[in-house]
Structure formats: structure tokens, C-alpha cells
>>> print(open('work.txt').read())   # compact mmCIF, C-alpha atoms
# COMPACT_ATOMS: atom_id res chain seq x y z
CA MET T 1 -19.51 56.69 55.25
CA ALA T 2 -17.92 53.43 54.29
CA GLU T 3 -14.79 54.02 56.16
CA MET T 4 -13.18 51.64 58.47
CA ASP T 5 -12.61 52.65 61.97
CA THR T 6 -8.91 52.13 62.18
CA SER T 7 -8.18 54.10 65.23
CA SER T 8 -8.23 51.48 67.86
CA GLY T 9 -10.92 52.81 69.96
CA GLY T 10 -9.43 56.26 69.79
CA GLY T 11 -11.61 59.20 69.88
CA HIS T 12 -13.54 57.67 72.68
CA LYS T 13 -12.86 58.53 76.08
CA LYS T 14 -9.43 57.78 77.28
CA GLY T 15 -9.76 56.99 80.82
CA PRO T 16 -8.46 54.66 83.38
CA GLY T 17 -11.30 52.24 82.82
CA VAL T 18 -10.69 51.72 79.12
CA LYS T 19 -8.21 49.01 78.21
CA LYS T 20 -5.72 49.81 75.56
CA PRO T 21 -5.58 47.01 73.00
CA LYS T 22 -2.18 45.53 72.49
CA LYS T 23 -0.46 46.61 69.34
CA GLN T 24 0.07 43.47 67.29
CA SER T 25 3.13 42.98 65.21
CA THR T 26 2.58 43.02 61.46
CA ARG T 27 5.15 40.32 61.00
CA VAL T 28 3.76 37.08 59.72
CA ASP T 29 5.62 33.84 59.79
CA LEU T 30 6.33 33.23 56.14
CA THR T 31 7.77 29.76 56.54
CA PRO T 32 4.59 27.87 55.53
CA MET T 33 4.19 30.12 52.54
CA VAL T 34 7.73 29.37 51.40
CA ASP T 35 7.04 25.69 51.90
CA LEU T 36 3.97 25.93 49.77
CA GLY T 37 5.83 27.84 47.10
CA PHE T 38 8.57 25.32 46.79
CA LEU T 39 6.12 22.47 46.92
CA LEU T 40 4.28 23.92 43.95
CA ILE T 41 7.54 24.48 42.10
CA THR T 42 8.56 20.87 42.55
CA PHE T 43 5.12 19.77 41.49
CA PHE T 44 5.30 21.78 38.29
CA VAL T 45 8.82 20.69 37.52
CA PHE T 46 7.97 17.06 37.91
CA THR T 47 4.67 17.05 36.10
CA THR T 48 5.93 18.90 33.06
CA THR T 49 6.56 16.25 30.50
CA MET T 50 9.69 16.80 28.56
CA SER T 51 8.65 14.31 25.94
CA GLN T 52 8.11 16.12 22.72
CA ALA T 53 6.34 14.45 19.91
CA THR T 54 8.63 13.51 17.09
CA ALA T 55 7.77 13.17 13.48
CA MET T 56 8.64 10.27 11.29
CA ASN T 57 9.06 11.04 7.62
CA MET T 58 7.06 9.03 5.19
CA ASN T 59 7.75 9.01 1.51
CA GLU T 60 5.23 7.33 -0.64
CA PRO T 61 6.08 6.22 -4.15
CA LYS T 62 4.17 7.55 -7.07
CA ASP T 63 1.86 4.92 -8.44
CA ASP T 64 2.97 4.23 -11.95
CA PRO T 65 1.83 0.96 -13.46
CA THR T 66 4.07 1.38 -16.48
CA ASN T 67 7.21 1.62 -14.43
CA LEU T 68 7.17 -1.26 -12.01
CA LEU T 69 10.21 -1.98 -9.96
CA LYS T 70 11.73 -5.34 -10.69
CA VAL T 71 12.95 -7.19 -7.68
CA LYS T 72 15.33 -10.10 -7.67
CA ASN T 73 13.89 -13.23 -6.21
CA SER T 74 16.98 -13.94 -4.15
CA GLY T 75 17.01 -10.54 -2.54
CA ALA T 76 13.36 -10.15 -1.72
CA MET T 77 11.76 -10.74 1.60
CA THR T 78 8.08 -10.22 2.12
CA LEU T 79 6.80 -9.18 5.51
CA LEU T 80 3.13 -9.61 6.18
CA LEU T 81 1.49 -7.87 9.09
CA GLY T 82 -1.38 -9.74 10.62
CA LYS T 83 -3.73 -9.73 13.54
CA ASN T 84 -2.58 -9.65 17.17
CA ASP T 85 0.77 -7.98 16.36
CA LEU T 86 2.01 -10.98 14.49
CA VAL T 87 4.32 -10.85 11.51
CA TYR T 88 4.56 -13.46 8.81
CA TYR T 89 7.31 -13.59 6.30
CA TYR T 90 8.72 -15.47 3.40
CA MET T 91 11.78 -15.18 1.20
CA GLY T 92 11.62 -14.67 -2.52
CA GLU T 93 8.47 -15.56 -4.31
CA LEU T 94 5.70 -17.77 -3.04
CA SER T 95 5.80 -20.99 -4.97
CA PRO T 96 2.36 -22.35 -5.74
CA THR T 97 3.20 -25.86 -4.66
CA ASP T 98 4.69 -25.58 -1.21
CA ALA T 99 3.79 -22.10 -0.12
CA SER T 100 3.03 -23.20 3.40
CA LYS T 101 6.63 -24.35 3.81
CA GLN T 102 8.02 -20.99 2.88
CA PHE T 103 5.56 -19.16 5.01
CA ARG T 104 6.74 -18.47 8.52
CA SER T 105 5.22 -16.69 11.43
CA SER T 106 7.04 -14.43 13.80
CA ASN T 107 6.45 -11.41 15.98
CA PHE T 108 7.82 -7.91 16.25
CA LYS T 109 10.50 -8.97 18.66
CA ASP T 110 11.98 -11.74 16.61
CA ILE T 111 11.56 -10.17 13.23
CA ARG T 112 14.49 -7.83 13.82
CA GLN T 113 16.97 -10.69 13.70
CA VAL T 114 15.36 -12.09 10.57
CA ILE T 115 15.57 -8.71 8.87
CA LEU T 116 19.17 -8.35 9.91
CA ASP T 117 20.13 -11.82 8.77
CA LYS T 118 18.59 -11.15 5.40
CA LYS T 119 20.43 -7.87 5.14
CA LYS T 120 23.75 -9.53 5.89
CA ALA T 121 23.17 -12.42 3.53
CA THR T 122 22.17 -10.32 0.54
CA PRO T 123 24.22 -7.94 -1.56
CA ILE T 124 22.81 -4.48 -0.92
CA GLY T 125 21.85 -3.92 -4.55
CA ASP T 126 19.46 -6.87 -4.54
CA LEU T 127 17.98 -6.29 -1.13
CA MET T 128 14.28 -5.55 -1.03
CA TYR T 129 11.78 -5.82 1.75
CA ILE T 130 8.18 -5.90 0.69
CA ILE T 131 5.77 -4.92 3.42
CA LYS T 132 2.15 -5.93 3.16
CA SER T 133 -0.46 -5.23 5.76
CA ASP T 134 -3.54 -7.23 6.42
CA LYS T 135 -6.91 -5.63 7.15
CA GLU T 136 -6.56 -6.64 10.76
CA ALA T 137 -3.15 -5.04 11.21
CA THR T 138 -3.07 -1.87 13.25
CA PHE T 139 -1.57 1.53 12.65
CA LYS T 140 1.02 0.72 15.28
CA ASN T 141 2.10 -2.33 13.32
CA ALA T 142 2.50 -0.32 10.15
CA ILE T 143 4.65 2.27 11.91
CA ASP T 144 6.60 -0.31 13.89
CA ILE T 145 7.67 -2.23 10.84
CA LEU T 146 8.89 0.96 9.18
CA ASP T 147 10.69 1.81 12.37
CA GLU T 148 12.21 -1.64 12.30
CA MET T 149 13.64 -0.72 8.91
CA SER T 150 15.34 2.35 10.32
CA ILE T 151 16.54 0.40 13.34
CA SER T 152 18.24 -2.11 11.09
CA GLU T 153 19.41 0.73 8.84
CA ILE T 154 17.84 -0.52 5.67
CA PRO T 155 18.50 2.28 3.19
CA PRO T 156 15.39 3.99 1.84
CA GLY T 157 14.32 2.56 -1.46
CA HIS T 158 15.02 -0.94 -0.27
CA TYR T 159 11.65 -1.40 1.30
CA ALA T 160 8.20 -0.72 0.03
CA GLU T 161 4.63 -1.10 1.06
CA VAL T 162 2.53 -3.15 -1.31
CA ASP T 163 -1.05 -4.34 -1.24
CA MET T 164 -1.62 -7.86 -0.09
CA SER T 165 -2.66 -10.50 -2.56
CA ASP T 166 -5.51 -12.91 -1.98
CA THR T 167 -3.21 -15.92 -1.75
CA GLU T 168 -1.31 -14.25 1.02
CA SER T 169 -4.34 -13.28 3.06
CA GLN T 170 -5.57 -16.83 2.58
CA LEU T 171 -2.28 -18.14 3.90
CA ILE T 172 -2.46 -15.84 6.91
CA LYS T 173 -5.97 -17.05 7.65
CA MET T 174 -4.84 -20.66 7.42
CA THR T 175 -1.88 -20.07 9.68
CA GLU T 176 -4.04 -18.23 12.15
CA ALA T 177 -6.50 -21.09 12.18
CA ALA T 178 -3.69 -23.59 12.65
CA ASN T 179 -2.20 -21.62 15.53
CA GLY T 180 -5.56 -21.04 17.13
CA ILE T 181 -5.49 -17.25 16.85
CA LYS T 182 -8.89 -15.68 16.89
CA MET X 183 34.78 37.79 87.20
CA GLY X 184 32.17 38.94 84.89
CA ARG X 185 32.03 36.97 81.72
CA ALA X 186 31.50 38.73 78.46
CA LYS X 187 27.94 38.12 77.59
CA ILE X 188 27.32 36.71 74.17
CA PRO X 189 24.14 38.24 72.99
CA ARG X 190 21.58 35.57 72.21
CA LYS X 191 20.49 35.86 68.66
CA SER X 192 17.04 34.96 67.61
CA THR X 193 16.72 31.95 65.31
CA ASN X 194 13.99 33.65 63.38
CA ILE X 195 15.03 34.53 59.87
CA ASP X 196 13.23 36.89 57.67
CA MET X 197 11.46 34.63 55.23
CA THR X 198 10.17 37.36 52.98
CA ALA X 199 13.06 37.19 50.53
CA MET X 200 12.86 33.43 50.27
CA CYS X 201 9.15 33.62 49.73
CA ASP X 202 9.69 36.11 46.95
CA VAL X 203 12.15 33.83 45.21
CA ALA X 204 9.89 30.82 45.53
CA PHE X 205 6.93 32.54 44.02
CA LEU X 206 9.01 34.18 41.33
CA LEU X 207 10.25 30.76 40.26
CA LEU X 208 6.76 29.39 40.47
CA SER X 209 5.30 32.04 38.23
CA PHE X 210 8.20 31.59 35.82
CA PHE X 211 7.53 27.89 35.52
CA ILE X 212 3.83 28.36 35.10
CA LEU X 213 4.24 30.96 32.40
CA ALA X 214 7.08 29.23 30.60
CA THR X 215 5.31 25.90 30.29
CA LYS X 216 3.61 25.58 26.99
CA THR X 217 0.24 24.06 27.25
CA LYS X 218 -0.42 21.04 25.14
CA PRO X 219 -2.06 21.77 21.82
CA PRO X 220 -5.72 20.84 21.97
CA GLU X 221 -6.60 17.31 21.09
CA ALA X 222 -9.81 16.27 19.48
CA VAL X 223 -9.73 12.98 21.20
CA ALA X 224 -7.17 11.11 23.18
CA VAL X 225 -4.75 9.44 20.83
CA ILE X 226 -1.87 7.24 21.91
CA THR X 227 0.74 7.43 19.22
CA PRO X 228 3.17 4.65 18.39
CA SER X 229 6.83 5.19 19.13
CA SER X 230 9.71 5.38 16.71
CA VAL X 231 13.44 5.99 16.78
CA SER X 232 13.01 9.19 14.82
CA THR X 233 14.53 12.20 16.51
CA LYS X 234 13.00 15.01 14.50
CA VAL X 235 10.69 17.20 16.49
CA ALA X 236 7.22 17.65 15.09
CA LYS X 237 6.43 21.25 14.23
CA GLU X 238 3.31 22.63 15.75
CA GLU X 239 1.81 24.58 12.90
CA ALA X 240 0.62 21.80 10.72
CA ILE X 241 -2.21 20.30 8.84
CA LEU X 242 -2.96 17.53 11.22
CA VAL X 243 -4.92 14.45 10.35
CA THR X 244 -5.94 12.62 13.48
CA LEU X 245 -6.88 8.98 13.36
CA THR X 246 -8.59 7.62 16.43
CA LYS X 247 -8.76 4.08 17.58
CA GLU X 248 -12.33 3.74 16.36
CA GLY X 249 -11.07 4.67 12.91
CA LYS X 250 -12.56 8.17 12.88
CA VAL X 251 -10.66 10.81 10.99
CA TYR X 252 -10.40 14.43 12.10
CA LEU X 253 -8.70 17.33 10.43
CA MET X 254 -7.03 20.34 11.97
CA LEU X 255 -6.01 23.11 9.66
CA GLY X 256 -2.76 24.78 10.59
CA ASP X 257 -2.22 28.52 10.85
CA LYS X 258 -4.95 31.10 10.45
CA ALA X 259 -4.15 32.47 7.01
CA HIS X 260 -4.01 29.07 5.43
CA LYS X 261 -6.96 27.83 7.40
CA ASN X 262 -9.15 30.60 6.05
CA ALA X 263 -7.95 29.98 2.52
CA ILE X 264 -8.66 26.27 2.86
CA LEU X 265 -12.13 26.83 4.23
CA ASP X 266 -13.00 29.35 1.53
CA ASP X 267 -11.77 26.94 -1.08
CA ILE X 268 -13.76 24.02 0.25
CA ASN X 269 -16.88 26.16 0.41
CA THR X 270 -16.66 27.05 -3.25
CA THR X 271 -15.35 23.77 -4.67
CA LYS X 272 -17.82 21.60 -2.81
CA ALA X 273 -20.64 24.15 -3.14
CA LEU X 274 -21.44 23.93 0.54
CA GLY X 275 -23.35 27.19 0.42
CA LEU X 276 -22.29 28.37 3.84
CA SER X 277 -23.32 31.87 4.79
CA ALA X 278 -20.89 34.46 6.10
CA THR X 279 -21.86 33.83 9.72
CA GLU X 280 -21.52 30.10 9.25
CA MET X 281 -18.11 30.57 7.73
CA ALA X 282 -17.08 32.73 10.66
CA LYS X 283 -18.19 29.97 12.98
CA LEU X 284 -16.35 27.38 10.94
CA ARG X 285 -13.16 29.40 11.15
CA LYS X 286 -13.38 29.23 14.89
CA THR X 287 -13.83 25.48 15.05
CA GLU X 288 -10.61 23.73 15.62
CA PHE X 289 -11.45 20.25 14.52
CA ILE X 290 -13.31 19.21 11.49
CA GLY X 291 -14.85 15.83 11.95
CA VAL X 292 -18.10 15.65 10.07
CA PRO X 293 -19.07 14.79 6.50
CA PHE X 294 -19.85 17.70 4.19
CA ASN X 295 -23.59 17.15 4.35
CA GLN X 296 -23.60 17.55 8.12
CA LEU X 297 -21.35 20.58 8.23
CA LYS X 298 -24.11 23.13 7.89
CA SER X 299 -26.33 21.65 10.56
CA LEU X 300 -23.34 21.29 12.87
CA LEU X 301 -22.55 24.97 12.55
CA ASN X 302 -26.10 25.90 13.38
CA LEU X 303 -26.11 23.99 16.62
CA SER X 304 -26.55 26.28 19.57
CA GLU X 305 -23.78 24.59 21.45
CA PRO X 306 -20.68 23.31 19.71
CA MET X 307 -20.47 19.58 19.50
CA GLU X 308 -17.69 17.81 21.31
CA PRO X 309 -15.14 16.47 18.86
CA GLY X 310 -15.43 13.00 20.36
CA LYS X 311 -19.08 12.83 19.36
CA MET X 312 -18.52 13.79 15.76
CA PRO X 313 -18.71 10.97 13.26
CA GLY X 314 -15.38 11.79 11.60
CA ILE X 315 -14.58 12.64 8.01
CA PRO X 316 -15.55 9.76 5.75
CA CYS X 317 -12.50 8.43 3.99
CA ILE X 318 -12.54 4.66 4.06
CA ASP X 319 -14.83 4.36 1.10
CA SER X 320 -12.88 5.04 -2.09
CA THR X 321 -15.94 6.42 -3.88
CA ASN X 322 -16.74 8.83 -1.09
CA ASN X 323 -13.35 9.84 0.22
CA GLU X 324 -14.08 13.30 1.54
CA LEU X 325 -10.63 13.62 2.97
CA THR X 326 -9.36 13.76 -0.60
CA ASP X 327 -11.51 16.85 -1.15
CA TRP X 328 -10.18 18.45 1.99
CA ILE X 329 -6.60 17.73 1.03
CA ARG X 330 -7.26 19.15 -2.42
CA SER X 331 -8.34 22.40 -0.81
CA VAL X 332 -5.22 22.29 1.32
CA THR X 333 -3.00 21.98 -1.72
CA ASN X 334 -4.96 24.78 -3.39
CA ALA X 335 -4.34 27.01 -0.40
CA TYR X 336 -0.63 26.31 -0.55
CA LYS X 337 -0.46 26.79 -4.28
CA GLY X 338 2.36 29.04 -5.39
CA GLU X 339 4.23 28.47 -2.19
CA ASN X 340 7.12 26.21 -1.57
CA MET X 341 5.56 22.82 -0.96
CA ASP X 342 8.00 22.28 1.89
CA ASN X 343 5.92 24.78 3.83
CA LEU X 344 3.11 22.33 3.82
CA ASN X 345 3.63 20.43 6.98
CA LEU X 346 1.35 17.48 6.79
CA LEU X 347 1.13 15.36 9.90
CA VAL X 348 -0.72 12.18 10.55
CA LYS X 349 -1.36 11.35 14.14
CA GLY X 350 -2.79 7.94 14.62
CA ASP X 351 -3.73 5.79 17.53
CA ASN X 352 -1.90 2.55 18.15
CA ALA X 353 -5.07 0.54 17.90
CA ALA X 354 -6.38 2.12 14.70
CA LYS X 355 -6.77 -0.38 11.92
CA TYR X 356 -4.50 -0.30 8.93
CA PRO X 357 -7.11 0.14 6.15
CA VAL X 358 -8.07 3.59 7.43
CA PHE X 359 -4.45 4.66 7.42
CA LYS X 360 -4.16 3.30 3.94
CA SER X 361 -7.09 5.37 2.73
CA ILE X 362 -5.57 8.45 4.35
CA LYS X 363 -2.40 7.79 2.39
CA GLU X 364 -4.54 7.24 -0.67
CA SER X 365 -6.18 10.64 -0.29
CA PHE X 366 -2.74 12.26 -0.05
CA LYS X 367 -1.51 10.44 -3.09
CA ARG X 368 -4.49 11.47 -5.15
CA ASN X 369 -3.48 15.05 -4.54
CA ASP X 370 0.10 14.34 -5.51
CA ILE X 371 1.38 14.54 -1.99
CA TYR X 372 3.93 11.85 -1.49
CA LYS X 373 5.70 13.19 1.54
CA PHE X 374 4.16 13.49 4.93
CA LYS X 375 5.06 12.90 8.53
CA VAL X 376 3.72 10.65 11.18
CA VAL X 377 3.62 11.84 14.77
CA THR X 378 5.33 9.40 17.09
CA ASN X 379 6.78 9.28 20.55
CA SER X 380 10.50 9.24 20.52
CA GLU X 381 12.20 6.12 21.68
CA ALA X 382 15.83 5.19 21.99
CA PRO X 383 17.03 2.66 19.45
CA PRO X 384 17.16 -0.78 21.06
CA ALA X 385 20.56 -1.78 22.38
CA GLY X 386 22.64 -3.89 20.05
CA SER X 387 20.78 -2.84 16.92
CA GLU X 388 22.64 -1.42 13.96
CA LEU X 389 21.26 2.05 14.52
CA ALA X 390 22.23 2.06 18.19
CA ASN X 391 25.75 0.88 17.36
CA ASP X 392 26.17 3.55 14.72
CA LYS X 393 24.97 6.24 17.06
CA ALA X 394 27.43 5.10 19.69
CA ILE X 395 30.26 5.37 17.15
CA GLU X 396 29.11 8.83 16.14
CA LYS X 397 29.28 9.99 19.72
CA LYS X 398 32.87 8.88 20.01
>>> encode(input="work.txt", output="C-alpha cells")
Amino acid sequence: MAEMDTSSGGGHKKGPGVKKPKKQSTRVDLTPMVDLGFLLITFFVFTTTMSQATAMNMNEPKDDPTNLLKVKNSGAMTLLLGKNDLVYYYMGELSPTDASKQFRSSNFKDIRQVILDKKKATPIGDLMYIIKSDKEATFKNAIDILDEMSISEIPPGHYAEVDMSDTESQLIKMTEAANGIK
Amino acid sequence: MGRAKIPRKSTNIDMTAMCDVAFLLLSFFILATKTKPPEAVAVITPSSVSTKVAKEEAILVTLTKEGKVYLMLGDKAHKNAILDDINTTKALGLSATEMAKLRKTEFIGVPFNQLKSLLNLSEPMEPGKMPGIPCIDSTNNELTDWIRSVTNAYKGENMDNLNLLVKGDNAAKYPVFKSIKESFKRNDIYKFKVVTNSEAPPAGSELANDKAIEKK
């Protein structure tokens, strides 16, 4: 039936005219196989990313209109996140008369020094960073600015995210127009 | 004089053992590597200096760069509880077979009114094609309803068990993130985590200096 004929021509006549097939060695050269094995190992080792996602803690304040936090004017710095990864900032409160003078534009690279300078110049009890994000700001911006706070070791509770006021978004628009940012 | 003959040895080595080792290592690496958890859509997360590792079993809110919101509901027991809860509270009227199908779906990314028709599709829809859970509109923030069901499912447990993760794309716009936060807040969740890539603190910064001192 379905059996393989393993006997190399045996069973047939064994005579002087029939050639005996050479017995082949069962040894295979394993060197290429080893090569392949190690190649695959190196491939897997190198392609495995060791980067594990980390988690950043976020603590949101409870909204309580009756218990608003009072911030000293001298210790407050407002950071405004705008379009194109730009950051605008001003110290204290915006004065209605010369708001444009107070208002400065910066970027994520330079803002670190500004944050640090403010931290050094202000007694820690008064220090408060107010973060406001524009509609055009990205998720990355929002995370980056919070990360900036941990980089400069601003203690929690000394920065907060607040909604942007109309005056401020107006000011951003004006600055953007003046700087030719689309 | 007859010299002592040094027998010539063959340079052939038996490779079998080496081959065994190579493939053993190979299979070890293949089996030991954890595959990435499934992703609804490709999301490039921002980086932060945080060093905490994100746990895998989590309620994961994914925010794509188009501003679509997807939800992934943690471990099985809680997932079932959440889905049962949403079915009753939102009166979705899903049948037992539809619920069974829903339990198998990994990503939820459609508004409530499309959920039923989605489950009755002959072939499951690709997450990338789903419209996302509506949440930007404050009057129709369906994510709030989902999160409410999540909190209901975790009721009576330690709230620290609730591992709420937000995974957002770099290019996602801020207002969507804000409405996600809003939907958490409405359910009295004030603590959550954001998935980021880890990054070393920049040289010369306060954090980097402090870490260097700690090491010493």
C-alpha cells in the first residue's frame, strides 16, 4: 500500500549488472542553519523596543466657585498656549491700558528659563503659574507645559489650568497677526 | 628516521549543539517578547520626564489626531459590568447576542445611536473608520455617560483600582482633551494618568540636577 520503498533496490536481483547505489551520509552541514538562527536572534533583540510607555499623573481640581484660590499679583505668571507651539506669557495681572506691553511671546525652548527666573525671583508661598490653552493649542502643548513644571520642579499646587478669557485670546490673535503667524 | 606522524584532524565541527542553542535562544526571545497591546489607531504620544510605568489593565481613552475619541474598557469582569450598566442606563435595548458581540469588541468608537447597527454588521468595522465617541459638545457628551458606567462598575471598590489612562496624539487639539477632562470631572474623577513616552530630563534643569545629586 502506501509504503515507501526504502530498500535501495533490494529485493530485486542482485547481480553483477546492477549498480549498488552509494550510501549517503546522513550528516548535514549545520553551519548555515546556525547562521540563520543567530541572525534571527540578533534581529529580534534589536527590533524589540525597550521603551515602555510611562504614565504622567494628572490631578484636576474640584470646580468650586465659592472657594476660589486667591493669587498674589506679584507671584503670578500666566502662560498662554497658542498656535504653532508658541507660548505667550505675562506677569501678574493684565492691565487694561498697556496690556500689549506686558504680553510677551516665547516658545517651548525659551519658556523654561522664564519659568525658572520667576521661580527664583518669587517667594515660594506666592508663586503661581496659571496655564491657559487656546483652541489652537495641541495636546502635546498641554502635556509639555505640565512637563515643564516638573522639569523646573514647581511644587504641585503652584500651577493650575484655567480657561482663557476673551481679552487674552484677542491679544494672542493680535500678536499672531503682528508676527505674521497663520 | 621516521617522524612521528601527527594525525591530521578534520576542521569540521559538529554544529548540531550550536544549532540547538541558537534556536533555543530564538524561541525564548520570541515567546518572552510581549506583543504590543492592540491600538485602535496609530497614536504618537507626547513625551514627559515621568518615570512611572503605565499599567496595562486600564480604562483607556484614546484621542487621535483628528480629535476622535475611543474607549477601551480594561479587564473582563469590569468590562462586562460597564457594558451591562451602559445598556440599562442608556436604554440601548441590546439583545443578548448583541451584548455578546459588544463584549468581544475591543474599542468603542461610535455614538450610542450607531452602536446597535454597528454590532449587526456582518464584518466588524475597522476602528479607524469609526466616527469616535462624541464628547466635544457639552450638551451631548457621551463620554460622560461611559465614564459614569465605569464609576458604577467600580463602585464599592477602592477607587485606586480604577486606572484611568488618557492616550492622546501630539497633534490632537486642546479643546477635545479639555472635554475629556470635563467628562471625568463630571463623574467626580479628579485623578487620571496620561500616557507618555519617557524622556530624560534636559541637562542643566533643576530636575536633572536633583536626580544627579540623588544618585551620588
>>> atom_distance(input="work.txt", atom1="CA of Gln113 (chain T)", atom2="CA of Val377 (chain X)")
26.2 Å
>>> interface_residues(input="work.txt", of="chain X", to="chain T", cutoff="6 Å", atoms="only C-alpha atoms", output="PyMOL selection string")
chain X and resi 197+201+204-205+208+228+230+232+234-236+352-357+372-380+388-389
>>> closest_residue(input="work.txt", among="X:Ala273, X:Leu206, X:Val358, X:Leu297", to="Lys250 (chain X)", atoms="all atoms listed in the file")
X:Val358
>>> residues_around(input="work.txt", residues="Leu346 (chain X)", least_positions_apart="2", cutoff="6 Å", atoms="only C-alpha atoms", output="VMD selection string")
chain X and resid 240 to 241 344 374
>>> write_last_selection(input="work.txt", atoms="C-alpha atoms", output="compact mmCIF listing (two decimals), in the frame of the given file")
# COMPACT_ATOMS: atom_id res chain seq x y z
CA ALA X 240 0.62 21.80 10.72
CA ILE X 241 -2.21 20.30 8.84
CA LEU X 344 3.11 22.33 3.82
CA PHE X 374 4.16 13.49 4.93
>>> atom_distance(input="work.txt", atom1="CA of Glu396 (chain X)", atom2="CA of Ile124 (chain T)")
22.5 Å
>>> atom_distance(input="work.txt", atom1="CA of Ser106 (chain T)", atom2="CA of Met174 (chain T)")
14.9 Å
>>> closest_residue(input="work.txt", among="T:Leu79, T:Gln170, T:Gly180, T:Asp110", to="Ile130 (chain T)", atoms="all atoms listed in the file")
T:Leu79
>>> residues_around(input="work.txt", residues="Asn343 (chain X)", least_positions_apart="5", cutoff="12 Å", atoms="only C-alpha atoms", output="PyMOL selection string")
chain X and resi 237+239-241+256-257+260+332-333+335-338+373-374
>>> residues_around(input="work.txt", residues="Leu303 (chain X)", least_positions_apart="5", cutoff="12 Å", atoms="all atoms listed in the file", output="PyMOL selection string")
chain X and resi 280+283-284+296-298+308
>>> residues_around(input="work.txt", residues="Met77 (chain T)", least_positions_apart="4", cutoff="6 Å", atoms="all atoms listed in the file", output="list in words")
Tyr90, Met91, Gly92 and Tyr129 of chain T
